Amino acid sequence: MEVKIGVQHAPREIILESGQSAEEVERAVSDALAGKAQLLTLVDDHGRKVLVPSDRLAYVEIGEPAARKVGFSAL
């Protein structure tokens, strides 16, 4: 699952591939925005944790992973 996180006052967004379901990510974002958690905590495919302060969240996009094209094409 591809997740893009916009952080206030940061020039670039955070992009990660997560093994969490869309519902799990949405629940974590909702809890962070509702004040139930001070940090948005997500885990990527490599087991690394991404922590973002709840009050700095600008947006979160939850989407399907993009298929990577491998190989060569004839011109």
# chains A, B, ... in the order shown; residues from 1 in each chain; ligands from 1
call {"tool": "residues_around", "arguments": {"residues": "A:Leu16", "least_positions_apart": "2", "cutoff": "12 Å", "atoms": "only C-alpha atoms", "output": "PDB file with C-alpha atoms, in the first residue's frame"}}
result
ATOM      1  CA  MET A   1       0.000   0.000   0.000  1.00  0.00           C
ATOM      2  CA  GLU A   2       1.490   3.353  -1.001  1.00  0.00           C
ATOM      3  CA  VAL A   3       1.076   6.140   1.551  1.00  0.00           C
ATOM      4  CA  LYS A   4       1.994   9.787   0.943  1.00  0.00           C
ATOM      5  CA  ILE A   5       2.185  12.111   3.928  1.00  0.00           C
ATOM      6  CA  GLY A   6       2.341  15.875   3.639  1.00  0.00           C
ATOM      7  CA  GLU A  13       6.223  14.735   1.226  1.00  0.00           C
ATOM      8  CA  ILE A  14       6.984  11.395   2.850  1.00  0.00           C
ATOM      9  CA  SER A  18       3.378  -0.142   3.865  1.00  0.00           C
ATOM     10  CA  GLY A  19       2.187  -3.666   4.486  1.00  0.00           C
ATOM     11  CA  GLN A  20      -0.657  -2.257   6.577  1.00  0.00           C
ATOM     12  CA  VAL A  25      -3.657   3.365   7.937  1.00  0.00           C
ATOM     13  CA  LEU A  42       3.254   3.788  10.316  1.00  0.00           C
ATOM     14  CA  VAL A  43       5.527   0.862   9.449  1.00  0.00           C
ATOM     15  CA  ASP A  44       6.976   0.431   5.956  1.00  0.00           C
ATOM     16  CA  ASP A  45       7.671  -2.821   4.086  1.00  0.00           C
ATOM     17  CA  HIS A  46      11.213  -2.964   5.495  1.00  0.00           C
ATOM     18  CA  GLY A  47      10.028  -2.776   9.112  1.00  0.00           C
ATOM     19  CA  ARG A  48      11.069   0.848   9.619  1.00  0.00           C
ATOM     20  CA  LYS A  49       8.736   3.092  11.612  1.00  0.00           C
ATOM     21  CA  VAL A  50       7.730   6.520  10.338  1.00  0.00           C
ATOM     22  CA  LEU A  51       6.650   8.923  13.094  1.00  0.00           C
ATOM     23  CA  VAL A  60      -2.330  11.779   3.888  1.00  0.00           C
ATOM     24  CA  GLU A  61      -2.961   9.962   0.599  1.00  0.00           C
ATOM     25  CA  ILE A  62      -3.698   6.252   0.769  1.00  0.00           C
ATOM     26  CA  GLY A  63      -3.446   4.350  -2.494  1.00  0.00           C
ATOM     27  CA  GLU A  64      -2.486   1.131  -4.192  1.00  0.00           C
ATOM     28  CA  PRO A  65       1.172   0.489  -4.996  1.00  0.00           C
ATOM     29  CA  ALA A  66       2.236   1.447  -8.496  1.00  0.00           C
TER      30      ALA A  66
END
call {"tool": "select_by_dssp", "arguments": {"residues": "chain A", "states": "strand (DSSP E or B)", "output": "MDAnalysis selection string"}}
result
chainID A and resid 2:7 14:18 39:44 49:53 57:63
call {"tool": "residues_around", "arguments": {"residues": "A:Gln38", "least_positions_apart": "3", "cutoff": "8 Å", "atoms": "only C-alpha atoms", "output": "ChimeraX atom specification"}}
result
/A:32,35,53-55
call {"tool": "select_by_dssp", "arguments": {"residues": "chain A", "states": "helix (DSSP H, G or I)", "output": "NGL selection string"}}
result
:A and (22-34 or 54-56)
call {"tool": "atom_distance", "arguments": {"atom1": "atom CA of A:Leu40", "atom2": "atom CA of A:Pro11"}}
result
18.8 Å
call {"tool": "atom_distance", "arguments": {"atom1": "atom CA of A:Ala22", "atom2": "atom CA of A:Ala10"}}
result
24.4 Å
call {"tool": "decode", "arguments": {"residues": "stretch 3-18 of chain A", "atoms": "all heavy atoms", "output": "tab-separated table (two decimals), in the first residue's frame"}}
result
chain	number	residue	atom	x	y	z
A	3	VAL	N	1.59	5.08	0.69
A	3	VAL	CA	1.08	6.14	1.55
A	3	VAL	C	1.94	7.37	1.34
A	3	VAL	O	3.17	7.29	1.40
A	3	VAL	CB	1.11	5.72	3.04
A	3	VAL	CG1	0.57	6.82	3.92
A	3	VAL	CG2	0.35	4.42	3.26
A	4	LYS	N	1.30	8.51	1.08
A	4	LYS	CA	1.99	9.79	0.94
A	4	LYS	C	1.53	10.69	2.08
A	4	LYS	O	0.33	10.85	2.29
A	4	LYS	CB	1.68	10.46	-0.39
A	4	LYS	CG	2.19	9.71	-1.59
A	4	LYS	CD	1.86	10.45	-2.87
A	4	LYS	CE	2.32	9.64	-4.08
A	4	LYS	NZ	2.01	10.34	-5.34
A	5	ILE	N	2.49	11.27	2.79
A	5	ILE	CA	2.18	12.11	3.93
A	5	ILE	C	2.76	13.50	3.69
A	5	ILE	O	3.97	13.65	3.48
A	5	ILE	CB	2.78	11.53	5.23
A	5	ILE	CG1	2.30	10.09	5.44
A	5	ILE	CG2	2.44	12.40	6.42
A	5	ILE	CD1	3.04	9.36	6.53
A	6	GLY	N	1.90	14.49	3.72
A	6	GLY	CA	2.34	15.88	3.64
A	6	GLY	C	2.53	16.41	5.04
A	6	GLY	O	1.68	16.23	5.91
A	7	VAL	N	3.67	17.06	5.28
A	7	VAL	CA	3.99	17.60	6.60
A	7	VAL	C	4.09	19.11	6.48
A	7	VAL	O	4.75	19.63	5.57
A	7	VAL	CB	5.33	17.01	7.12
A	7	VAL	CG1	5.65	17.55	8.51
A	7	VAL	CG2	5.27	15.49	7.13
A	8	GLN	N	3.43	19.82	7.39
A	8	GLN	CA	3.46	21.28	7.38
A	8	GLN	C	4.89	21.77	7.53
A	8	GLN	O	5.68	21.22	8.29
A	8	GLN	CB	2.62	21.84	8.52
A	8	GLN	CG	1.16	21.56	8.40
A	8	GLN	CD	0.38	22.08	9.59
A	8	GLN	OE1	0.88	22.85	10.39
A	8	GLN	NE2	-0.86	21.64	9.70
A	9	HIS	N	5.23	22.82	6.79
A	9	HIS	CA	6.54	23.48	6.82
A	9	HIS	C	7.67	22.57	6.36
A	9	HIS	O	8.82	22.77	6.74
A	9	HIS	CB	6.84	24.04	8.21
A	9	HIS	CG	5.73	24.87	8.77
A	9	HIS	ND1	5.33	26.06	8.20
A	9	HIS	CD2	4.91	24.66	9.81
A	9	HIS	CE1	4.32	26.56	8.89
A	9	HIS	NE2	4.04	25.72	9.88
A	10	ALA	N	7.35	21.52	5.60
A	10	ALA	CA	8.37	20.64	5.03
A	10	ALA	C	8.21	20.69	3.51
A	10	ALA	O	7.10	20.57	3.00
A	10	ALA	CB	8.20	19.21	5.52
A	11	PRO	N	9.31	20.89	2.78
A	11	PRO	CA	9.20	21.06	1.33
A	11	PRO	C	8.85	19.78	0.57
A	11	PRO	O	8.36	19.85	-0.54
A	11	PRO	CB	10.60	21.54	0.93
A	11	PRO	CG	11.49	21.04	2.00
A	11	PRO	CD	10.67	21.02	3.26
A	12	ARG	N	9.08	18.61	1.17
A	12	ARG	CA	8.81	17.35	0.46
A	12	ARG	C	7.86	16.49	1.27
A	12	ARG	O	7.82	16.56	2.49
A	12	ARG	CB	10.12	16.59	0.25
A	12	ARG	CG	11.05	17.32	-0.68
A	12	ARG	CD	12.38	16.66	-0.83
A	12	ARG	NE	12.31	15.20	-0.89
A	12	ARG	CZ	13.36	14.42	-0.92
A	12	ARG	NH1	14.56	14.93	-0.89
A	12	ARG	NH2	13.22	13.11	-0.98
A	13	GLU	N	7.11	15.67	0.55
A	13	GLU	CA	6.22	14.74	1.23
A	13	GLU	C	6.96	13.45	1.54
A	13	GLU	O	7.99	13.15	0.95
A	13	GLU	CB	4.99	14.44	0.37
A	13	GLU	CG	5.29	13.79	-0.95
A	13	GLU	CD	4.09	13.75	-1.87
A	13	GLU	OE1	3.05	14.34	-1.57
A	13	GLU	OE2	4.19	13.10	-2.93
A	14	ILE	N	6.43	12.69	2.49
A	14	ILE	CA	6.98	11.39	2.85
A	14	ILE	C	6.21	10.34	2.06
A	14	ILE	O	4.98	10.32	2.10
A	14	ILE	CB	6.84	11.14	4.35
A	14	ILE	CG1	7.60	12.21	5.16
A	14	ILE	CG2	7.33	9.74	4.71
A	14	ILE	CD1	7.28	12.19	6.63
A	15	ILE	N	6.92	9.48	1.36
A	15	ILE	CA	6.28	8.41	0.58
A	15	ILE	C	6.82	7.09	1.09
A	15	ILE	O	8.03	6.91	1.19
A	15	ILE	CB	6.57	8.56	-0.93
A	15	ILE	CG1	6.09	9.92	-1.43
A	15	ILE	CG2	5.92	7.42	-1.71
A	15	ILE	CD1	6.47	10.22	-2.85
A	16	LEU	N	5.91	6.17	1.42
A	16	LEU	CA	6.35	4.86	1.88
A	16	LEU	C	5.42	3.78	1.39
A	16	LEU	O	4.25	4.03	1.10
A	16	LEU	CB	6.45	4.82	3.41
A	16	LEU	CG	5.16	4.97	4.19
A	16	LEU	CD1	4.99	3.77	5.11
A	16	LEU	CD2	5.21	6.23	5.02
A	17	GLU	N	5.97	2.59	1.25
A	17	GLU	CA	5.20	1.40	0.92
A	17	GLU	C	4.97	0.67	2.23
A	17	GLU	O	5.91	0.31	2.92
A	17	GLU	CB	5.96	0.49	-0.05
A	17	GLU	CG	6.07	1.04	-1.44
A	17	GLU	CD	4.76	1.03	-2.20
A	17	GLU	OE1	3.93	0.14	-1.94
A	17	GLU	OE2	4.57	1.92	-3.04
A	18	SER	N	3.71	0.47	2.59
A	18	SER	CA	3.38	-0.14	3.86
A	18	SER	C	2.64	-1.45	3.65
A	18	SER	O	1.81	-1.56	2.74
A	18	SER	CB	2.52	0.81	4.70
A	18	SER	OG	2.14	0.22	5.91
